>>> print(open('my_file_35.txt').read())   # compact mmCIF, N, CA and C atoms
# COMPACT_ATOMS: atom_id res chain seq x y z
N MET A 18 115.05 4.41 -128.76
CA MET A 18 116.42 4.56 -129.26
C MET A 18 117.09 3.19 -129.21
N SER A 19 117.77 2.88 -130.26
CA SER A 19 118.46 1.60 -130.38
C SER A 19 119.96 1.79 -130.21
N ILE A 20 120.58 1.02 -129.32
CA ILE A 20 122.03 1.10 -129.15
C ILE A 20 122.73 0.63 -130.42
N LYS A 21 122.12 -0.32 -131.12
CA LYS A 21 122.72 -0.79 -132.36
C LYS A 21 122.77 0.33 -133.40
N GLU A 22 121.73 1.12 -133.48
CA GLU A 22 121.72 2.25 -134.41
C GLU A 22 122.72 3.32 -133.96
N MET A 23 122.83 3.52 -132.67
CA MET A 23 123.79 4.49 -132.15
C MET A 23 125.21 4.10 -132.56
N ILE A 24 125.54 2.83 -132.43
CA ILE A 24 126.86 2.35 -132.84
C ILE A 24 127.03 2.49 -134.35
N ARG A 25 126.00 2.10 -135.11
CA ARG A 25 126.06 2.17 -136.57
C ARG A 25 126.30 3.62 -137.04
N GLU A 26 125.73 4.60 -136.33
CA GLU A 26 125.83 6.01 -136.73
C GLU A 26 127.11 6.69 -136.26
N HIS A 27 127.94 5.99 -135.52
CA HIS A 27 129.19 6.56 -135.02
C HIS A 27 130.09 6.91 -136.21
N PRO A 28 130.64 8.11 -136.25
CA PRO A 28 131.47 8.51 -137.39
C PRO A 28 132.67 7.60 -137.64
N ALA A 29 133.21 6.98 -136.62
CA ALA A 29 134.38 6.12 -136.81
C ALA A 29 134.02 4.72 -137.30
N VAL A 30 132.73 4.37 -137.29
CA VAL A 30 132.32 3.03 -137.71
C VAL A 30 132.27 2.93 -139.23
N GLY A 31 131.62 3.88 -139.86
CA GLY A 31 131.53 3.86 -141.32
C GLY A 31 131.00 2.54 -141.83
N GLU A 32 131.73 1.93 -142.75
CA GLU A 32 131.32 0.65 -143.33
C GLU A 32 131.73 -0.54 -142.48
N ASN A 33 132.35 -0.29 -141.34
CA ASN A 33 132.86 -1.37 -140.49
C ASN A 33 131.91 -1.73 -139.36
N PHE A 34 130.62 -1.58 -139.59
CA PHE A 34 129.64 -1.94 -138.56
C PHE A 34 129.66 -3.45 -138.37
N ASN A 35 129.78 -3.87 -137.13
CA ASN A 35 129.83 -5.30 -136.78
C ASN A 35 128.50 -5.65 -136.11
N GLU A 36 127.62 -6.28 -136.84
CA GLU A 36 126.28 -6.64 -136.34
C GLU A 36 126.37 -7.52 -135.10
N GLN A 37 127.24 -8.49 -135.09
CA GLN A 37 127.36 -9.40 -133.94
C GLN A 37 127.81 -8.65 -132.69
N LEU A 38 128.77 -7.75 -132.86
CA LEU A 38 129.24 -6.98 -131.71
C LEU A 38 128.14 -6.06 -131.19
N ALA A 39 127.39 -5.46 -132.08
CA ALA A 39 126.29 -4.59 -131.66
C ALA A 39 125.22 -5.38 -130.92
N GLU A 40 124.94 -6.59 -131.38
CA GLU A 40 123.97 -7.46 -130.69
C GLU A 40 124.49 -7.84 -129.30
N ALA A 41 125.77 -8.11 -129.19
CA ALA A 41 126.36 -8.43 -127.89
C ALA A 41 126.27 -7.23 -126.94
N VAL A 42 126.50 -6.05 -127.45
CA VAL A 42 126.37 -4.83 -126.63
C VAL A 42 124.94 -4.71 -126.12
N LYS A 43 123.98 -4.88 -127.01
CA LYS A 43 122.57 -4.77 -126.62
C LYS A 43 122.21 -5.79 -125.54
N HIS A 44 122.59 -7.03 -125.74
CA HIS A 44 122.24 -8.05 -124.75
C HIS A 44 123.04 -7.91 -123.46
N ALA A 45 124.25 -7.40 -123.53
CA ALA A 45 125.01 -7.15 -122.29
C ALA A 45 124.32 -6.07 -121.46
N MET A 46 123.74 -5.06 -122.13
CA MET A 46 122.99 -4.03 -121.41
C MET A 46 121.79 -4.64 -120.69
N TYR A 47 121.03 -5.45 -121.42
CA TYR A 47 119.87 -6.11 -120.82
C TYR A 47 120.29 -7.05 -119.70
N CYS A 48 121.34 -7.80 -119.94
CA CYS A 48 121.79 -8.78 -118.96
C CYS A 48 122.24 -8.09 -117.67
N ALA A 49 122.91 -6.97 -117.80
CA ALA A 49 123.34 -6.21 -116.61
C ALA A 49 122.13 -5.83 -115.75
N ALA A 50 121.09 -5.35 -116.40
CA ALA A 50 119.89 -4.93 -115.67
C ALA A 50 119.16 -6.13 -115.07
N ILE A 51 119.03 -7.20 -115.82
CA ILE A 51 118.31 -8.38 -115.33
C ILE A 51 119.06 -9.04 -114.18
N CYS A 52 120.37 -9.15 -114.29
CA CYS A 52 121.16 -9.73 -113.19
C CYS A 52 121.07 -8.88 -111.94
N ASN A 53 121.09 -7.58 -112.10
CA ASN A 53 120.95 -6.68 -110.96
C ASN A 53 119.60 -6.89 -110.29
N SER A 54 118.55 -6.98 -111.09
CA SER A 54 117.21 -7.19 -110.55
C SER A 54 117.09 -8.56 -109.89
N CYS A 55 117.69 -9.57 -110.50
CA CYS A 55 117.64 -10.92 -109.92
C CYS A 55 118.34 -10.96 -108.56
N ALA A 56 119.48 -10.29 -108.47
CA ALA A 56 120.19 -10.24 -107.18
C ALA A 56 119.29 -9.63 -106.11
N ASP A 57 118.59 -8.57 -106.46
CA ASP A 57 117.69 -7.94 -105.51
C ASP A 57 116.54 -8.88 -105.15
N ALA A 58 115.97 -9.55 -106.15
CA ALA A 58 114.88 -10.49 -105.88
C ALA A 58 115.36 -11.65 -105.01
N CYS A 59 116.57 -12.11 -105.25
CA CYS A 59 117.14 -13.19 -104.43
C CYS A 59 117.26 -12.77 -102.97
N SER A 60 117.55 -11.50 -102.75
CA SER A 60 117.69 -11.02 -101.37
C SER A 60 116.37 -11.05 -100.62
N ALA A 61 115.27 -11.10 -101.35
CA ALA A 61 113.94 -11.16 -100.72
C ALA A 61 113.47 -12.60 -100.50
N GLU A 62 114.20 -13.56 -101.02
CA GLU A 62 113.83 -14.97 -100.83
C GLU A 62 114.13 -15.39 -99.40
N GLU A 63 113.37 -16.35 -98.90
CA GLU A 63 113.56 -16.82 -97.53
C GLU A 63 114.77 -17.73 -97.39
N MET A 64 115.13 -18.45 -98.45
CA MET A 64 116.27 -19.37 -98.37
C MET A 64 117.58 -18.59 -98.53
N ASP A 65 118.69 -19.24 -98.22
CA ASP A 65 120.00 -18.62 -98.37
C ASP A 65 120.35 -18.54 -99.86
N MET A 66 120.42 -17.35 -100.38
CA MET A 66 120.71 -17.12 -101.79
C MET A 66 122.02 -16.34 -101.97
N ALA A 67 122.89 -16.40 -100.97
CA ALA A 67 124.10 -15.57 -100.98
C ALA A 67 124.95 -15.80 -102.23
N ARG A 68 125.16 -17.07 -102.61
CA ARG A 68 125.99 -17.35 -103.79
C ARG A 68 125.32 -16.79 -105.05
N CYS A 69 124.04 -16.98 -105.19
CA CYS A 69 123.32 -16.50 -106.36
C CYS A 69 123.38 -14.97 -106.43
N ILE A 70 123.19 -14.33 -105.31
CA ILE A 70 123.26 -12.86 -105.25
C ILE A 70 124.64 -12.39 -105.71
N ARG A 71 125.67 -13.01 -105.16
CA ARG A 71 127.05 -12.62 -105.51
C ARG A 71 127.31 -12.79 -107.00
N LEU A 72 126.93 -13.94 -107.56
CA LEU A 72 127.19 -14.20 -108.96
C LEU A 72 126.37 -13.29 -109.87
N CYS A 73 125.14 -13.00 -109.49
CA CYS A 73 124.32 -12.05 -110.26
C CYS A 73 124.93 -10.65 -110.24
N MET A 74 125.40 -10.23 -109.07
CA MET A 74 126.02 -8.91 -108.97
C MET A 74 127.31 -8.85 -109.78
N ASP A 75 128.12 -9.91 -109.70
CA ASP A 75 129.35 -9.96 -110.49
C ASP A 75 129.04 -9.91 -111.98
N CYS A 76 128.06 -10.70 -112.40
CA CYS A 76 127.68 -10.74 -113.81
C CYS A 76 127.16 -9.38 -114.27
N SER A 77 126.36 -8.75 -113.46
CA SER A 77 125.85 -7.42 -113.81
C SER A 77 127.00 -6.44 -114.03
N ASP A 78 127.96 -6.46 -113.13
CA ASP A 78 129.11 -5.56 -113.26
C ASP A 78 129.94 -5.86 -114.51
N VAL A 79 130.17 -7.14 -114.78
CA VAL A 79 130.95 -7.52 -115.96
C VAL A 79 130.20 -7.16 -117.24
N CYS A 80 128.90 -7.42 -117.28
CA CYS A 80 128.10 -7.04 -118.45
C CYS A 80 128.11 -5.53 -118.68
N THR A 81 128.06 -4.78 -117.59
CA THR A 81 128.13 -3.32 -117.71
C THR A 81 129.47 -2.92 -118.32
N MET A 82 130.54 -3.51 -117.84
CA MET A 82 131.86 -3.23 -118.40
C MET A 82 131.88 -3.59 -119.89
N ALA A 83 131.32 -4.76 -120.22
CA ALA A 83 131.35 -5.22 -121.61
C ALA A 83 130.61 -4.27 -122.54
N TYR A 84 129.39 -3.89 -122.17
CA TYR A 84 128.65 -3.02 -123.09
C TYR A 84 129.28 -1.65 -123.19
N ARG A 85 129.86 -1.17 -122.10
CA ARG A 85 130.49 0.16 -122.15
C ARG A 85 131.75 0.15 -123.02
N VAL A 86 132.60 -0.84 -122.82
CA VAL A 86 133.85 -0.90 -123.60
C VAL A 86 133.55 -1.21 -125.07
N ALA A 87 132.66 -2.16 -125.33
CA ALA A 87 132.40 -2.59 -126.70
C ALA A 87 131.59 -1.58 -127.51
N SER A 88 130.92 -0.65 -126.85
CA SER A 88 130.16 0.36 -127.60
C SER A 88 131.01 1.57 -127.96
N ARG A 89 132.23 1.65 -127.46
CA ARG A 89 133.12 2.76 -127.81
C ARG A 89 133.83 2.42 -129.11
N ARG A 90 133.68 3.26 -130.10
CA ARG A 90 134.22 2.93 -131.43
C ARG A 90 135.34 3.87 -131.87
N THR A 91 135.59 4.97 -131.14
CA THR A 91 136.68 5.86 -131.50
C THR A 91 138.00 5.19 -131.12
N ASP A 92 138.94 5.21 -132.05
CA ASP A 92 140.26 4.61 -131.82
C ASP A 92 140.11 3.20 -131.24
N GLU A 93 139.39 2.39 -131.97
CA GLU A 93 139.01 1.05 -131.54
C GLU A 93 140.17 0.25 -130.95
N ASN A 94 139.91 -0.41 -129.85
CA ASN A 94 140.88 -1.27 -129.18
C ASN A 94 140.33 -2.70 -129.22
N ARG A 95 140.49 -3.38 -130.36
CA ARG A 95 139.90 -4.70 -130.53
C ARG A 95 140.41 -5.72 -129.52
N GLN A 96 141.68 -5.65 -129.16
CA GLN A 96 142.21 -6.62 -128.20
C GLN A 96 141.50 -6.50 -126.86
N LEU A 97 141.29 -5.30 -126.38
CA LEU A 97 140.59 -5.12 -125.11
C LEU A 97 139.14 -5.58 -125.24
N ILE A 98 138.48 -5.24 -126.33
CA ILE A 98 137.09 -5.67 -126.53
C ILE A 98 137.02 -7.19 -126.53
N ARG A 99 137.95 -7.84 -127.20
CA ARG A 99 137.97 -9.31 -127.25
C ARG A 99 138.14 -9.89 -125.84
N SER A 100 139.03 -9.31 -125.06
CA SER A 100 139.25 -9.79 -123.69
C SER A 100 138.01 -9.60 -122.83
N VAL A 101 137.37 -8.44 -122.97
CA VAL A 101 136.16 -8.15 -122.20
C VAL A 101 135.04 -9.11 -122.57
N LEU A 102 134.89 -9.42 -123.86
CA LEU A 102 133.86 -10.37 -124.29
C LEU A 102 134.11 -11.74 -123.68
N ALA A 103 135.37 -12.16 -123.63
CA ALA A 103 135.70 -13.47 -123.04
C ALA A 103 135.33 -13.50 -121.55
N VAL A 104 135.61 -12.43 -120.84
CA VAL A 104 135.25 -12.36 -119.42
C VAL A 104 133.73 -12.35 -119.26
N CYS A 105 133.04 -11.66 -120.14
CA CYS A 105 131.59 -11.60 -120.08
C CYS A 105 130.98 -12.99 -120.29
N ILE A 106 131.53 -13.75 -121.22
CA ILE A 106 131.07 -15.12 -121.45
C ILE A 106 131.20 -15.93 -120.17
N GLU A 107 132.34 -15.84 -119.53
CA GLU A 107 132.58 -16.59 -118.28
C GLU A 107 131.61 -16.18 -117.18
N ALA A 108 131.42 -14.88 -117.00
CA ALA A 108 130.51 -14.40 -115.95
C ALA A 108 129.08 -14.85 -116.22
N CYS A 109 128.65 -14.75 -117.46
CA CYS A 109 127.28 -15.15 -117.82
C CYS A 109 127.06 -16.65 -117.64
N GLU A 110 128.01 -17.44 -118.07
CA GLU A 110 127.87 -18.89 -117.93
C GLU A 110 127.82 -19.30 -116.45
N THR A 111 128.67 -18.70 -115.64
CA THR A 111 128.71 -19.01 -114.21
C THR A 111 127.41 -18.60 -113.53
N CYS A 112 126.91 -17.42 -113.86
CA CYS A 112 125.66 -16.94 -113.28
C CYS A 112 124.49 -17.81 -113.72
N ALA A 113 124.45 -18.15 -115.00
CA ALA A 113 123.35 -18.99 -115.51
C ALA A 113 123.33 -20.35 -114.82
N GLU A 114 124.50 -20.95 -114.64
CA GLU A 114 124.57 -22.25 -113.97
C GLU A 114 123.99 -22.18 -112.56
N GLU A 115 124.30 -21.12 -111.85
CA GLU A 115 123.78 -20.96 -110.48
C GLU A 115 122.28 -20.69 -110.51
N CYS A 116 121.84 -19.78 -111.34
CA CYS A 116 120.41 -19.44 -111.38
C CYS A 116 119.56 -20.64 -111.79
N GLU A 117 120.10 -21.49 -112.65
CA GLU A 117 119.35 -22.68 -113.10
C GLU A 117 119.12 -23.68 -111.97
N LYS A 118 119.80 -23.52 -110.86
CA LYS A 118 119.61 -24.40 -109.71
C LYS A 118 118.39 -24.01 -108.89
N HIS A 119 117.83 -22.83 -109.14
CA HIS A 119 116.75 -22.31 -108.31
C HIS A 119 115.43 -22.31 -109.06
N ASP A 120 114.38 -22.68 -108.34
CA ASP A 120 113.06 -22.80 -108.95
C ASP A 120 112.22 -21.55 -108.64
N ASN A 121 112.64 -20.44 -109.20
CA ASN A 121 111.83 -19.22 -109.10
C ASN A 121 111.92 -18.47 -110.42
N ALA A 122 110.90 -17.70 -110.70
CA ALA A 122 110.78 -17.06 -112.01
C ALA A 122 111.94 -16.10 -112.29
N HIS A 123 112.35 -15.34 -111.29
CA HIS A 123 113.41 -14.36 -111.55
C HIS A 123 114.72 -15.03 -111.89
N CYS A 124 115.04 -16.15 -111.26
CA CYS A 124 116.28 -16.86 -111.58
C CYS A 124 116.19 -17.53 -112.96
N ARG A 125 115.03 -18.06 -113.31
CA ARG A 125 114.86 -18.65 -114.65
C ARG A 125 115.07 -17.59 -115.73
N ARG A 126 114.48 -16.42 -115.52
CA ARG A 126 114.63 -15.33 -116.49
C ARG A 126 116.08 -14.88 -116.56
N CYS A 127 116.73 -14.78 -115.42
CA CYS A 127 118.13 -14.35 -115.39
C CYS A 127 119.02 -15.36 -116.11
N ALA A 128 118.81 -16.64 -115.85
CA ALA A 128 119.60 -17.68 -116.50
C ALA A 128 119.42 -17.62 -118.02
N LYS A 129 118.19 -17.43 -118.46
CA LYS A 129 117.92 -17.35 -119.90
C LYS A 129 118.64 -16.16 -120.52
N MET A 130 118.57 -15.01 -119.86
CA MET A 130 119.24 -13.82 -120.39
C MET A 130 120.75 -14.02 -120.40
N CYS A 131 121.29 -14.63 -119.36
CA CYS A 131 122.74 -14.89 -119.30
C CYS A 131 123.17 -15.80 -120.45
N ARG A 132 122.37 -16.82 -120.75
CA ARG A 132 122.70 -17.73 -121.86
C ARG A 132 122.67 -16.97 -123.19
N GLU A 133 121.67 -16.11 -123.39
CA GLU A 133 121.58 -15.33 -124.62
C GLU A 133 122.77 -14.38 -124.75
N CYS A 134 123.12 -13.72 -123.66
CA CYS A 134 124.24 -12.79 -123.68
C CYS A 134 125.55 -13.54 -123.97
N SER A 135 125.72 -14.66 -123.33
CA SER A 135 126.92 -15.47 -123.55
C SER A 135 127.04 -15.88 -125.01
N GLU A 136 125.95 -16.33 -125.59
CA GLU A 136 125.96 -16.76 -126.99
C GLU A 136 126.28 -15.59 -127.92
N ASP A 137 125.69 -14.44 -127.66
CA ASP A 137 125.97 -13.27 -128.49
C ASP A 137 127.43 -12.82 -128.34
N CYS A 138 127.95 -12.89 -127.15
CA CYS A 138 129.36 -12.53 -126.94
C CYS A 138 130.28 -13.51 -127.67
N ARG A 139 129.93 -14.79 -127.67
CA ARG A 139 130.71 -15.79 -128.42
C ARG A 139 130.73 -15.46 -129.91
N LYS A 140 129.58 -15.12 -130.45
CA LYS A 140 129.50 -14.78 -131.88
C LYS A 140 130.31 -13.52 -132.19
N ALA A 141 130.20 -12.52 -131.32
CA ALA A 141 130.96 -11.28 -131.52
C ALA A 141 132.45 -11.54 -131.41
N LEU A 142 132.84 -12.35 -130.46
CA LEU A 142 134.25 -12.69 -130.29
C LEU A 142 134.79 -13.43 -131.51
N ALA A 143 134.00 -14.35 -132.03
CA ALA A 143 134.41 -15.07 -133.24
C ALA A 143 134.58 -14.10 -134.41
N ASP A 144 133.65 -13.16 -134.56
CA ASP A 144 133.76 -12.16 -135.63
C ASP A 144 135.01 -11.31 -135.46
N LEU A 145 135.26 -10.85 -134.25
CA LEU A 145 136.45 -10.03 -134.00
C LEU A 145 137.72 -10.83 -134.26
N ASN A 146 137.74 -12.08 -133.87
CA ASN A 146 138.91 -12.92 -134.12
C ASN A 146 139.13 -13.09 -135.63
N ARG A 147 138.05 -13.24 -136.40
CA ARG A 147 138.18 -13.33 -137.86
C ARG A 147 138.72 -12.02 -138.43
N GLU A 148 138.22 -10.90 -137.91
CA GLU A 148 138.71 -9.60 -138.38
C GLU A 148 140.20 -9.45 -138.09
N VAL A 149 140.60 -9.83 -136.90
CA VAL A 149 142.00 -9.73 -136.52
C VAL A 149 142.86 -10.60 -137.43
N HIS A 150 142.38 -11.81 -137.69
CA HIS A 150 143.12 -12.72 -138.56
C HIS A 150 143.24 -12.13 -139.97
N ALA A 151 142.15 -11.56 -140.46
CA ALA A 151 142.13 -10.96 -141.80
C ALA A 151 143.07 -9.75 -141.87
N ASP A 152 143.18 -9.02 -140.77
CA ASP A 152 144.05 -7.84 -140.73
C ASP A 152 145.49 -8.18 -140.43
N GLY A 153 145.75 -9.45 -140.09
CA GLY A 153 147.11 -9.88 -139.82
C GLY A 153 147.61 -9.58 -138.43
N GLU A 154 146.71 -9.20 -137.51
CA GLU A 154 147.14 -9.00 -136.13
C GLU A 154 147.47 -10.34 -135.51
N ARG A 155 148.30 -10.32 -134.50
CA ARG A 155 148.71 -11.56 -133.85
C ARG A 155 147.75 -11.96 -132.77
N GLY A 156 147.53 -13.28 -132.64
CA GLY A 156 146.80 -13.86 -131.53
C GLY A 156 145.30 -13.76 -131.65
N THR A 157 144.64 -14.67 -130.95
CA THR A 157 143.19 -14.65 -130.83
C THR A 157 142.85 -14.91 -129.37
N VAL A 158 141.67 -14.49 -129.00
CA VAL A 158 141.19 -14.74 -127.64
C VAL A 158 140.03 -15.71 -127.74
N GLU A 159 140.10 -16.79 -127.04
CA GLU A 159 139.02 -17.77 -126.97
C GLU A 159 138.37 -17.64 -125.62
N HIS A 160 137.18 -18.22 -125.47
CA HIS A 160 136.50 -18.26 -124.19
C HIS A 160 137.43 -18.88 -123.16
N GLY A 161 137.65 -18.18 -122.07
CA GLY A 161 138.46 -18.70 -120.98
C GLY A 161 139.95 -18.47 -121.16
N ALA A 162 140.38 -17.93 -122.28
CA ALA A 162 141.80 -17.69 -122.52
C ALA A 162 142.05 -16.20 -122.66
N VAL A 163 141.91 -15.50 -121.57
CA VAL A 163 142.04 -14.05 -121.61
C VAL A 163 143.49 -13.66 -121.51
>>> encode(input="my_file_35.txt", output="structure tokens")
Amino acid sequence: MSIKEMIREHPAVGENFNEQLAEAVKHAMYCAAICNSCADACSAEEMDMARCIRLCMDCSDVCTMAYRVASRRTDENRQLIRSVLAVCIEACETCAEECEKHDNAHCRRCAKMCRECSEDCRKALADLNREVHADGERGTVEHGAV
């Protein structure tokens, strides 16, 4: 089952399917799981990994929030989705920076997934900002400006 197809088939989506947003939802789901697993793997390491564990757990929670909010299409709340994507970008970038400091496979994989998720959220946010501008809504949300 594909989450992208699930979103595409939502009755409220119709012709307004946003490929970038669907890709961000998919990668946020994966990132939540990978960060959760990385935090657990870090807890088994002999060195002090407290900061990495904390940031992975935070990122997992934020990614979970992002995919849950962004996959809801009934009575769409674009402003909230845009804000959530911006927070997800920040959490992923912070987690990736920390994981990149560690020389173990689980942290390398986590950092890579965080970078992919961050990039997809940036693309989705840019698309939503363009949609808002086209619709004449006020304001845009940029990375870090929630």
>>> closest_residue(input="my_file_35.txt", among="A:Glu114, A:Asp120, A:Glu36, A:Glu62", to="Arg132 (chain A)", atoms="all atoms listed in the file")
A:Glu114
>>> atom_distance(input="my_file_35.txt", atom1="CA of Asp65 (chain A)", atom2="CA of Asp78 (chain A)")
21.8 Å
>>> residues_around(input="my_file_35.txt", residues="Tyr47 (chain A)", least_positions_apart="6", cutoff="8 Å", atoms="all atoms listed in the file", output="ChimeraX atom specification")
/A:41,53,80,130-131
>>> closest_residue(input="my_file_35.txt", among="A:Ala151, A:Met82, A:Ala50, A:Cys134", to="Glu110 (chain A)", atoms="all atoms listed in the file")
A:Cys134
>>> closest_residue(input="my_file_35.txt", among="A:Ile70, A:Ala29, A:Ile106, A:Ala141", to="Ala58 (chain A)", atoms="only N, CA and C atoms")
A:Ile70
>>> atom_distance(input="my_file_35.txt", atom1="CA of Ile98 (chain A)", atom2="CA of Leu145 (chain A)")
8.7 Å
>>> residues_around(input="my_file_35.txt", residues="Cys69 (chain A)", least_positions_apart="5", cutoff="8 Å", atoms="only C-alpha atoms", output="JSON, numbers by chain")
{"A": [56, 59, 112, 115, 116]}
>>> atom_distance(input="my_file_35.txt", atom1="CA of Asn33 (chain A)", atom2="CA of Leu142 (chain A)")
15.3 Å
>>> select_by_dssp(input="my_file_35.txt", residues="chain A", states="helix (DSSP H, G or I)", output="ChimeraX atom specification")
/A:20-25,36-60,67-87,95-116,122-152
>>> residues_around(input="my_file_35.txt", residues="Arg125 (chain A)", least_positions_apart="6", cutoff="10 Å", atoms="only C-alpha atoms", output="PDB file with N, CA and C atoms, in the coordinates of the input")
ATOM      1  N   CYS A  55     117.690  -9.570-110.500  1.00  0.00           N
ATOM      2  CA  CYS A  55     117.640 -10.920-109.920  1.00  0.00           C
ATOM      3  C   CYS A  55     118.340 -10.960-108.560  1.00  0.00           C
ATOM      4  N   ALA A 113     124.450 -18.150-115.000  1.00  0.00           N
ATOM      5  CA  ALA A 113     123.350 -18.990-115.510  1.00  0.00           C
ATOM      6  C   ALA A 113     123.330 -20.350-114.820  1.00  0.00           C
ATOM      7  N   CYS A 116     121.840 -19.780-111.340  1.00  0.00           N
ATOM      8  CA  CYS A 116     120.410 -19.440-111.380  1.00  0.00           C
ATOM      9  C   CYS A 116     119.560 -20.640-111.790  1.00  0.00           C
ATOM     10  N   GLU A 117     120.100 -21.490-112.650  1.00  0.00           N
ATOM     11  CA  GLU A 117     119.350 -22.680-113.100  1.00  0.00           C
ATOM     12  C   GLU A 117     119.120 -23.680-111.970  1.00  0.00           C
ATOM     13  N   LYS A 118     119.800 -23.520-110.860  1.00  0.00           N
ATOM     14  CA  LYS A 118     119.610 -24.400-109.710  1.00  0.00           C
ATOM     15  C   LYS A 118     118.390 -24.010-108.890  1.00  0.00           C
ATOM     16  N   HIS A 119     117.830 -22.830-109.140  1.00  0.00           N
ATOM     17  CA  HIS A 119     116.750 -22.310-108.310  1.00  0.00           C
ATOM     18  C   HIS A 119     115.430 -22.310-109.060  1.00  0.00           C
ATOM     19  N   CYS A 131     121.290 -14.630-119.360  1.00  0.00           N
ATOM     20  CA  CYS A 131     122.740 -14.890-119.300  1.00  0.00           C
ATOM     21  C   CYS A 131     123.170 -15.800-120.450  1.00  0.00           C
TER      22      CYS A 131
END
>>> residues_around(input="my_file_35.txt", residues="Met46 (chain A)", least_positions_apart="6", cutoff="10 Å", atoms="only C-alpha atoms", output="mmCIF file with N, CA and C atoms, keeping the file's coordinate frame")
data_model
loop_
_atom_site.group_PDB
_atom_site.id
_atom_site.type_symbol
_atom_site.label_atom_id
_atom_site.label_comp_id
_atom_site.auth_asym_id
_atom_site.auth_seq_id
_atom_site.Cartn_x
_atom_site.Cartn_y
_atom_site.Cartn_z
ATOM 1 N N ILE A 20 120.580 1.020 -129.320
ATOM 2 C CA ILE A 20 122.030 1.100 -129.150
ATOM 3 C C ILE A 20 122.730 0.630 -130.420
ATOM 4 N N GLU A 40 124.940 -6.590 -131.380
ATOM 5 C CA GLU A 40 123.970 -7.460 -130.690
ATOM 6 C C GLU A 40 124.490 -7.840 -129.300
ATOM 7 N N SER A 77 126.360 -8.750 -113.460
ATOM 8 C CA SER A 77 125.850 -7.420 -113.810
ATOM 9 C C SER A 77 127.000 -6.440 -114.030
ATOM 10 N N CYS A 80 128.900 -7.420 -117.280
ATOM 11 C CA CYS A 80 128.100 -7.040 -118.450
ATOM 12 C C CYS A 80 128.110 -5.530 -118.680
ATOM 13 N N THR A 81 128.060 -4.780 -117.590
ATOM 14 C CA THR A 81 128.130 -3.320 -117.710
ATOM 15 C C THR A 81 129.470 -2.920 -118.320
ATOM 16 N N MET A 82 130.540 -3.510 -117.840
ATOM 17 C CA MET A 82 131.860 -3.230 -118.400
ATOM 18 C C MET A 82 131.880 -3.590 -119.890
ATOM 19 N N ALA A 83 131.320 -4.760 -120.220
ATOM 20 C CA ALA A 83 131.350 -5.220 -121.610
ATOM 21 C C ALA A 83 130.610 -4.270 -122.540
ATOM 22 N N TYR A 84 129.390 -3.890 -122.170
ATOM 23 C CA TYR A 84 128.650 -3.020 -123.090
ATOM 24 C C TYR A 84 129.280 -1.650 -123.190
ATOM 25 N N ARG A 85 129.860 -1.170 -122.100
ATOM 26 C CA ARG A 85 130.490 0.160 -122.150
ATOM 27 C C ARG A 85 131.750 0.150 -123.020
ATOM 28 N N CYS A 134 123.120 -13.720 -123.660
ATOM 29 C CA CYS A 134 124.240 -12.790 -123.680
ATOM 30 C C CYS A 134 125.550 -13.540 -123.970
#
>>> closest_residue(input="my_file_35.txt", among="A:Arg126, A:Arg99, A:Arg89, A:Lys140", to="Leu38 (chain A)", atoms="all atoms listed in the file")
A:Lys140
>>> axis_aligned_box(input="my_file_35.txt", around="region 116-124 of chain A", padding_each_side="5 Å", output="AutoDock Vina command-line options")
--center_x 116.3 --center_y -19.4 --center_z -110.7 --size_x 21.1 --size_y 20.0 --size_z 14.8
>>> decode(input="my_file_35.txt", residues="region 76-96 of chain A", atoms="C-alpha atoms", output="PDB file, in the first residue's frame")
ATOM      1  CA  CYS A  76      13.072  14.119  15.151  1.00  0.00           C
ATOM      2  CA  SER A  77      11.021  10.928  15.177  1.00  0.00           C
ATOM      3  CA  ASP A  78       8.218  12.684  17.055  1.00  0.00           C
ATOM      4  CA  VAL A  79       8.277  15.730  14.766  1.00  0.00           C
ATOM      5  CA  CYS A  80       8.302  13.551  11.630  1.00  0.00           C
ATOM      6  CA  THR A  81       5.343  11.607  13.010  1.00  0.00           C
ATOM      7  CA  MET A  82       3.485  14.860  13.556  1.00  0.00           C
ATOM      8  CA  ALA A  83       4.401  16.027  10.045  1.00  0.00           C
ATOM      9  CA  TYR A  84       3.208  12.937   8.219  1.00  0.00           C
ATOM     10  CA  ARG A  85       0.016  12.757  10.257  1.00  0.00           C
ATOM     11  CA  VAL A  86      -0.948  16.407   9.769  1.00  0.00           C
ATOM     12  CA  ALA A  87       0.143  16.603   6.116  1.00  0.00           C
ATOM     13  CA  SER A  88      -1.705  13.424   5.114  1.00  0.00           C
ATOM     14  CA  ARG A  89      -5.068  14.798   6.294  1.00  0.00           C
ATOM     15  CA  ARG A  90      -6.798  16.340   3.296  1.00  0.00           C
ATOM     16  CA  THR A  91     -10.349  17.009   4.544  1.00  0.00           C
ATOM     17  CA  ASP A  92     -10.896  20.728   5.141  1.00  0.00           C
ATOM     18  CA  GLU A  93      -7.248  21.356   4.367  1.00  0.00           C
ATOM     19  CA  ASN A  94      -5.330  23.638   6.723  1.00  0.00           C
ATOM     20  CA  ARG A  95      -2.414  24.747   4.539  1.00  0.00           C
ATOM     21  CA  GLN A  96      -1.034  27.200   7.083  1.00  0.00           C
TER      22      GLN A  96
END
